[in-house]
Amino acid sequence: MIQSLLLDLDDTLLGNEVDVFMHRYFGLLNDYAAKRFDSDSFLPHLMQSTREMIRNTDPRLTNDQVFWASFETLTGGRRAELEPFFNTFYETEFIKLKTTTTHRPAAATLINAALERGLSVVVATNPLFPMTAIEQRLEWAGLPTAEFDFTLVTSYENMHAAKPQPAYYREILSVTGDAPENALMVGDDWKNDIVPAAEVGLFTYWIAPDDATPDDPTLVTGRGTLDDLAERVAGGWLEQLTVTRYA
């Protein structure tokens, strides 16, 4: 029986072409960071520290601890001084990225349907950003955390692994208290959302265009748009998953 619904954020709950978004994000952040960092080395250091987060699966270390340990070593700065500086960026500059995103009404419809069925709903976005950046994107999606009873919103502060590590999905299940066969992961990214979730044993729903070809069809429980999924959930599809794994 499905008890938890895990939902990716970018290009799933929120229309957000990741390549466009990240290009603008890095441009804004690099311009802002020029006040304190060399513009030639800042982004390479940022990316190297981000890769450290992605590689990490040490359950003793949250992603933010991994990031800052690396970033301090590379830049010679200290988290206590630099974190408030970057917090100001998220408070004042990050909002400029909203124009690259689009609202998907089906997101709220889907989540409300899941909550009405008593499911745990997890915003399973790649936890490489601080919570403030994720909460802002949820607001752009029409899903403010103050109005939706999410069981968990993953961020770099509260997770000890990131996508595409299977450990990321295992950690979410440890929070919801569910077995893998009682959870459905919904996402658009084959490598980050579908493959590792299926490896752990979750059901999967792939947000993909009709002409997209999965590398391994056996990993996909269902596929289509977010609107399609909202209709299927309303029609009792989740209950059917207890009968047959692939539908």
# chains A, B, ... in the order shown; residues from 1 in each chain; ligands from 1
>>> select_by_dssp(residues="segment 54-223 of chain A", states="alpha helix (DSSP H)", output="count of residues only")
68
>>> residues_around(residues="Met22 of chain A", least_positions_apart="2", cutoff="12 Å", atoms="only C-alpha atoms", output="short mmCIF file (atom, residue, chain, number, x, y, z; two decimals) with N, CA and C atoms, in the first residue's frame")
data_model
loop_
_atom_site.label_atom_id
_atom_site.label_comp_id
_atom_site.auth_asym_id
_atom_site.auth_seq_id
_atom_site.Cartn_x
_atom_site.Cartn_y
_atom_site.Cartn_z
N ASP A 10 12.09 20.76 -9.23
CA ASP A 10 12.35 21.45 -10.50
C ASP A 10 11.98 20.59 -11.70
N ASN A 16 10.53 24.48 -14.60
CA ASN A 16 11.83 25.11 -14.40
C ASN A 16 12.88 24.36 -15.23
N GLU A 17 13.19 24.89 -16.39
CA GLU A 17 14.22 24.26 -17.23
C GLU A 17 15.56 24.43 -16.53
N VAL A 18 16.08 23.34 -16.03
CA VAL A 18 17.21 23.40 -15.10
C VAL A 18 18.44 24.07 -15.70
N ASP A 19 18.75 23.79 -16.95
CA ASP A 19 19.95 24.38 -17.56
C ASP A 19 19.84 25.90 -17.61
N VAL A 20 18.67 26.41 -17.97
CA VAL A 20 18.45 27.85 -18.03
C VAL A 20 18.52 28.45 -16.63
N ARG A 24 21.49 31.17 -15.11
CA ARG A 24 21.17 32.47 -14.52
C ARG A 24 21.56 32.52 -13.05
N TYR A 25 21.34 31.41 -12.35
CA TYR A 25 21.70 31.35 -10.92
C TYR A 25 23.19 31.58 -10.73
N PHE A 26 24.00 30.86 -11.47
CA PHE A 26 25.44 31.01 -11.33
C PHE A 26 25.90 32.41 -11.72
N GLY A 27 25.25 32.99 -12.74
CA GLY A 27 25.60 34.35 -13.12
C GLY A 27 25.30 35.35 -12.01
N LEU A 28 24.11 35.26 -11.44
CA LEU A 28 23.74 36.15 -10.34
C LEU A 28 24.66 35.97 -9.14
N LEU A 29 24.90 34.71 -8.79
CA LEU A 29 25.71 34.42 -7.61
C LEU A 29 27.15 34.86 -7.82
N ASN A 30 27.68 34.66 -9.01
CA ASN A 30 29.06 35.07 -9.28
C ASN A 30 29.21 36.58 -9.21
N MET A 47 31.65 24.73 -7.41
CA MET A 47 31.30 23.48 -8.05
C MET A 47 32.04 22.29 -7.44
N PHE A 94 17.94 36.11 -5.08
CA PHE A 94 17.43 34.84 -5.59
C PHE A 94 16.06 34.99 -6.24
N LEU A 97 15.22 34.98 -10.05
CA LEU A 97 15.15 33.75 -10.84
C LEU A 97 13.72 33.26 -11.05
N THR A 100 12.24 32.67 -14.54
CA THR A 100 12.63 31.53 -15.36
C THR A 100 11.72 30.33 -15.12
N THR A 101 10.80 30.44 -14.16
CA THR A 101 9.96 29.31 -13.77
C THR A 101 8.50 29.54 -14.15
N PHE A 129 20.88 22.82 -2.07
CA PHE A 129 20.60 24.21 -1.77
C PHE A 129 20.21 24.36 -0.30
#
>>> select_by_dssp(residues="segment 67-133 of chain A", states="strand (DSSP E or B)", output="PDB file with C-alpha atoms, in the first residue's frame")
ATOM      1  CA  THR A 101       9.960  29.305 -13.770  1.00  0.00           C
ATOM      2  CA  THR A 102       6.307  28.555 -14.458  1.00  0.00           C
ATOM      3  CA  HIS A 103       3.494  27.642 -12.115  1.00  0.00           C
ATOM      4  CA  SER A 120       3.099  11.402   3.734  1.00  0.00           C
ATOM      5  CA  VAL A 121       4.214  13.937   1.126  1.00  0.00           C
ATOM      6  CA  VAL A 122       7.927  14.607   0.744  1.00  0.00           C
ATOM      7  CA  VAL A 123       9.437  17.343  -1.400  1.00  0.00           C
TER       8      VAL A 123
END
>>> closest_residue(among="A:Asp149, A:Gln48, A:Gly15, A:Gln65", to="Gly118 of chain A", atoms="only C-alpha atoms")
A:Asp149
